[in-house]
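Down below is the structure, laid out as structure tokens.
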Amino acid sequence: MTTLVELQTVTVTFGERHVLDQVSIKLERGQITTLIGPNGAGKSTLVKVITGLRKPTSGKVIRQKGARVGYVPQKLQLNSALPLTVDRFMRLVGRYSENEKIEALKLVGGVHLHHSNMHSLSGGEMQRVLLARALLQHPDILVLDEPVQGVDVNGQLELYSLIQSLRDKLNCAILMVSHDLHLVMAKTDHVICLHHHVCCSGEPEAITSHPSYVALFGQQQSEQLALYHHQHNHEHDLAGSPIGPCQHHQEQKKQ
């Protein structure tokens, strides 16, 4: 595999607080990586570092020269008083031909939405349009922040299958930020659990079979989404705080 982005012991500090603490990860071409973690774990900051929107306080970010990044945001706030069609919305990202826009919509199964009103789209339709807009940039790295938020279970399964097919067709690296590991499990190659540091990572099959690894419960309130058990002898409570000794922090203290 070709490494498109590599983070080497990246730390991001706000004030005296480490939002990211010596994070080392790689995004490989042709691989789907899912990033999970409780609210406040640093996922959004990590995405900003990967996309180049934030510089690390320390550590190194290595990007393959010329690698393009496509980003699909978690939420899109539209002014309901402003008329906006899908076609016009896609034009906002840059000057692309009509054929390029149609081809991008074809890739996501959304050609029929070309002249639809953005305000009338369902959650699943909106995500397809956002994906199509990101694909206009012919990304080598596609970053999806909670790509199935606001979509029903059947729609989520369809979107995960679509994301997998895009990886196969475009041979790009895909990073998905998700709080629900169970639905995405069958469609991802690698899982990273983040709580300021990389708590644990590996192939999804290994993670689910490990008795002390990750258990994710609930989807009610964003601040109560995650309960994780980690193979490095600690777990996090619903607020995201470590319970019991954490091998990572113990090793840091020794240093």
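Simple scheme: letters A, B, ... for chains in structure tokens order, numbers from 1 for residues in each chain, numbers from 1 for ligands in the order shown.
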
DSSP on the backbone: what in range 32-244 of chain A comes out alpha helix (DSSP H), as a ChimeraX atom specification? /A:43-51,86-91,98-107,123-135,153-170,181-184,204-209

Who sits within 12 Å of Lys75 in chain A, only C-alpha atoms, same chain under 3 positions skipped, as an NGL selection string: :A and (71-72 or 78 or 123 or 126-127 or 130 or 144-150)

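For the atom pair formed by CA of Val69 in chain A and CA of Asp140 in chain A, the distance is 6.1 Å, given to one decimal.
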
Backbone-only DSSP, strand (DSSP E or B) members of range 17-180 of chain A, as a PyMOL selection string: chain A and resi 17-28+32-36+58-63+69-72+85+117+141-145+173-177

For N, CA and C atoms, I'd like the residues from the last selection saved as a JSON list (two decimals), in the first residue's frame.
```json
[["chain", "number", "residue", "atom", "x", "y", "z"],
["A", 17, "ARG", "N", -3.51, 22.12, 27.77],
["A", 17, "ARG", "CA", -4.20, 20.84, 27.61],
["A", 17, "ARG", "C", -3.81, 20.20, 26.29],
["A", 18, "HIS", "N", -3.43, 18.92, 26.33],
["A", 18, "HIS", "CA", -3.12, 18.16, 25.13],
["A", 18, "HIS", "C", -4.42, 17.61, 24.54],
["A", 19, "VAL", "N", -4.87, 18.21, 23.44],
["A", 19, "VAL", "CA", -6.05, 17.68, 22.75],
["A", 19, "VAL", "C", -5.66, 16.43, 21.98],
["A", 20, "LEU", "N", -4.49, 16.45, 21.37],
["A", 20, "LEU", "CA", -3.89, 15.26, 20.77],
["A", 20, "LEU", "C", -2.54, 15.05, 21.44],
["A", 21, "ASP", "N", -2.26, 13.82, 21.82],
["A", 21, "ASP", "CA", -1.07, 13.53, 22.60],
["A", 21, "ASP", "C", -0.26, 12.41, 21.94],
["A", 22, "GLN", "N", 0.76, 12.80, 21.19],
["A", 22, "GLN", "CA", 1.68, 11.87, 20.54],
["A", 22, "GLN", "C", 0.94, 10.83, 19.67],
["A", 23, "VAL", "N", 0.13, 11.35, 18.77],
["A", 23, "VAL", "CA", -0.66, 10.50, 17.89],
["A", 23, "VAL", "C", 0.14, 10.13, 16.65],
["A", 24, "SER", "N", 0.23, 8.84, 16.38],
["A", 24, "SER", "CA", 0.91, 8.34, 15.18],
["A", 24, "SER", "C", -0.03, 7.43, 14.41],
["A", 25, "ILE", "N", -0.38, 7.83, 13.19],
["A", 25, "ILE", "CA", -1.26, 7.02, 12.34],
["A", 25, "ILE", "C", -0.82, 7.15, 10.88],
["A", 26, "LYS", "N", -1.30, 6.22, 10.05],
["A", 26, "LYS", "CA", -1.08, 6.28, 8.61],
["A", 26, "LYS", "C", -2.40, 6.09, 7.89],
["A", 27, "LEU", "N", -2.59, 6.81, 6.78],
["A", 27, "LEU", "CA", -3.71, 6.59, 5.88],
["A", 27, "LEU", "C", -3.15, 6.05, 4.58],
["A", 28, "GLU", "N", -3.60, 4.85, 4.22],
["A", 28, "GLU", "CA", -3.06, 4.14, 3.06],
["A", 28, "GLU", "C", -4.03, 4.19, 1.88],
["A", 32, "ILE", "N", -9.95, 1.76, 3.93],
["A", 32, "ILE", "CA", -10.95, 2.52, 4.70],
["A", 32, "ILE", "C", -10.57, 2.43, 6.17],
["A", 33, "THR", "N", -10.33, 3.59, 6.77],
["A", 33, "THR", "CA", -9.99, 3.68, 8.19],
["A", 33, "THR", "C", -11.13, 4.36, 8.92],
["A", 34, "THR", "N", -11.58, 3.77, 10.02],
["A", 34, "THR", "CA", -12.63, 4.38, 10.83],
["A", 34, "THR", "C", -12.05, 4.87, 12.14],
["A", 35, "LEU", "N", -12.33, 6.14, 12.44],
["A", 35, "LEU", "CA", -11.86, 6.77, 13.67],
["A", 35, "LEU", "C", -13.02, 6.88, 14.64],
["A", 36, "ILE", "N", -12.88, 6.26, 15.80],
["A", 36, "ILE", "CA", -13.93, 6.32, 16.81],
["A", 36, "ILE", "C", -13.38, 6.88, 18.11],
["A", 58, "SER", "N", 3.58, 19.91, 18.07],
["A", 58, "SER", "CA", 4.83, 19.18, 17.88],
["A", 58, "SER", "C", 4.53, 17.92, 17.10],
["A", 59, "GLY", "N", 5.57, 17.27, 16.63],
["A", 59, "GLY", "CA", 5.40, 16.09, 15.79],
["A", 59, "GLY", "C", 5.45, 16.46, 14.32],
["A", 60, "LYS", "N", 5.25, 15.48, 13.48],
["A", 60, "LYS", "CA", 5.43, 15.68, 12.04],
["A", 60, "LYS", "C", 4.24, 15.11, 11.26],
["A", 61, "VAL", "N", 3.82, 15.84, 10.22],
["A", 61, "VAL", "CA", 2.79, 15.36, 9.28],
["A", 61, "VAL", "C", 3.45, 15.23, 7.91],
["A", 62, "ILE", "N", 3.43, 14.02, 7.38],
["A", 62, "ILE", "CA", 4.05, 13.75, 6.08],
["A", 62, "ILE", "C", 2.94, 13.41, 5.09],
["A", 63, "ARG", "N", 2.82, 14.21, 4.04],
["A", 63, "ARG", "CA", 1.82, 13.98, 3.00],
["A", 63, "ARG", "C", 2.51, 13.64, 1.69],
["A", 69, "VAL", "N", -7.19, 16.22, -1.08],
["A", 69, "VAL", "CA", -8.08, 15.82, 0.00],
["A", 69, "VAL", "C", -9.50, 16.30, -0.30],
["A", 70, "GLY", "N", -10.46, 15.39, -0.20],
["A", 70, "GLY", "CA", -11.88, 15.74, -0.29],
["A", 70, "GLY", "C", -12.50, 15.59, 1.09],
["A", 71, "TYR", "N", -13.32, 16.56, 1.48],
["A", 71, "TYR", "CA", -13.87, 16.56, 2.84],
["A", 71, "TYR", "C", -15.38, 16.65, 2.80],
["A", 72, "VAL", "N", -16.05, 15.76, 3.55],
["A", 72, "VAL", "CA", -17.50, 15.79, 3.70],
["A", 72, "VAL", "C", -17.80, 16.15, 5.15],
["A", 85, "THR", "N", -30.27, 25.16, -5.56],
["A", 85, "THR", "CA", -30.40, 23.84, -6.17],
["A", 85, "THR", "C", -29.11, 23.06, -5.97],
["A", 117, "ASN", "N", -34.10, 20.92, -5.07],
["A", 117, "ASN", "CA", -33.88, 21.96, -4.07],
["A", 117, "ASN", "C", -33.10, 21.37, -2.90],
["A", 141, "ILE", "N", -7.47, 11.35, -0.89],
["A", 141, "ILE", "CA", -7.89, 11.09, 0.48],
["A", 141, "ILE", "C", -9.28, 11.67, 0.66],
["A", 142, "LEU", "N", -10.23, 10.84, 1.06],
["A", 142, "LEU", "CA", -11.60, 11.28, 1.28],
["A", 142, "LEU", "C", -11.88, 11.19, 2.77],
["A", 143, "VAL", "N", -12.17, 12.35, 3.39],
["A", 143, "VAL", "CA", -12.43, 12.41, 4.83],
["A", 143, "VAL", "C", -13.92, 12.64, 5.05],
["A", 144, "LEU", "N", -14.54, 11.73, 5.79],
["A", 144, "LEU", "CA", -15.99, 11.78, 6.01],
["A", 144, "LEU", "C", -16.26, 11.91, 7.50],
["A", 145, "ASP", "N", -16.81, 13.04, 7.91],
["A", 145, "ASP", "CA", -17.07, 13.29, 9.32],
["A", 145, "ASP", "C", -18.51, 12.90, 9.64],
["A", 173, "ALA", "N", -7.73, 6.69, -0.33],
["A", 173, "ALA", "CA", -7.78, 6.42, 1.12],
["A", 173, "ALA", "C", -9.03, 7.10, 1.66],
["A", 174, "ILE", "N", -9.74, 6.40, 2.53],
["A", 174, "ILE", "CA", -10.94, 6.97, 3.14],
["A", 174, "ILE", "C", -10.79, 6.94, 4.65],
["A", 175, "LEU", "N", -11.04, 8.09, 5.27],
["A", 175, "LEU", "CA", -11.09, 8.18, 6.73],
["A", 175, "LEU", "C", -12.50, 8.55, 7.12],
["A", 176, "MET", "N", -13.15, 7.66, 7.89],
["A", 176, "MET", "CA", -14.49, 7.92, 8.39],
["A", 176, "MET", "C", -14.44, 8.17, 9.88],
["A", 177, "VAL", "N", -15.05, 9.25, 10.32],
["A", 177, "VAL", "CA", -15.23, 9.50, 11.74],
["A", 177, "VAL", "C", -16.61, 8.98, 12.11]]
```

Which residues are close to range 152-162 of chain A, i.e. within 8 Å by only C-alpha atoms, leaving aside same-chain residues fewer than 6 positions away? Reply as a list in words. Val108, Gly124, Leu183, Val184 and Lys187 of chain A

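Candidate residues A:Val47, A:Thr188, A:His115, A:Arg68 were compared for distance to Leu84 in chain A, and the nearest is A:His115, using only C-alpha atoms.
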
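Across A:Ala81, A:Met185, A:Val129, A:Leu121, the tightest approach to Leu107 in chain A is made by A:Val129 when counting only C-alpha atoms.
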
By how many Å are CA of Leu92 in chain A and CA of Val111 in chain A apart?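 According to the coordinates, CA of Leu92 in chain A and CA of Val111 in chain A are separated by 17.8 Å.
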
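Atom pair CA of Ile50 in chain A / CA of Val5 in chain A: separated by 7.3 Å.
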
Considering only C-alpha atoms, state which residue in the set A:Ile102, A:Met90, A:Leu82, A:Leu7 is at the smallest distance from Gly52 in chain A.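 Nearest candidate to Gly52 in chain A out of A:Ile102, A:Met90, A:Leu82, A:Leu7: A:Leu7.
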
Could you check which of A:Gln31, A:Gln77, A:Thr11, A:Gln137 is closest to Pro56 in chain A, using only C-alpha atoms?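 Going through A:Gln31, A:Gln77, A:Thr11, A:Gln137 one by one, the smallest distance to Pro56 in chain A is for A:Thr11.
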
With only C-alpha atoms as the atoms that count, which of A:His190, A:Phe89, A:Gly30, A:Gly37 lies nearest to Ser165 in chain A?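 Looking only at the distances to Ser165 in chain A, the closest residue turns out to be A:Gly30.
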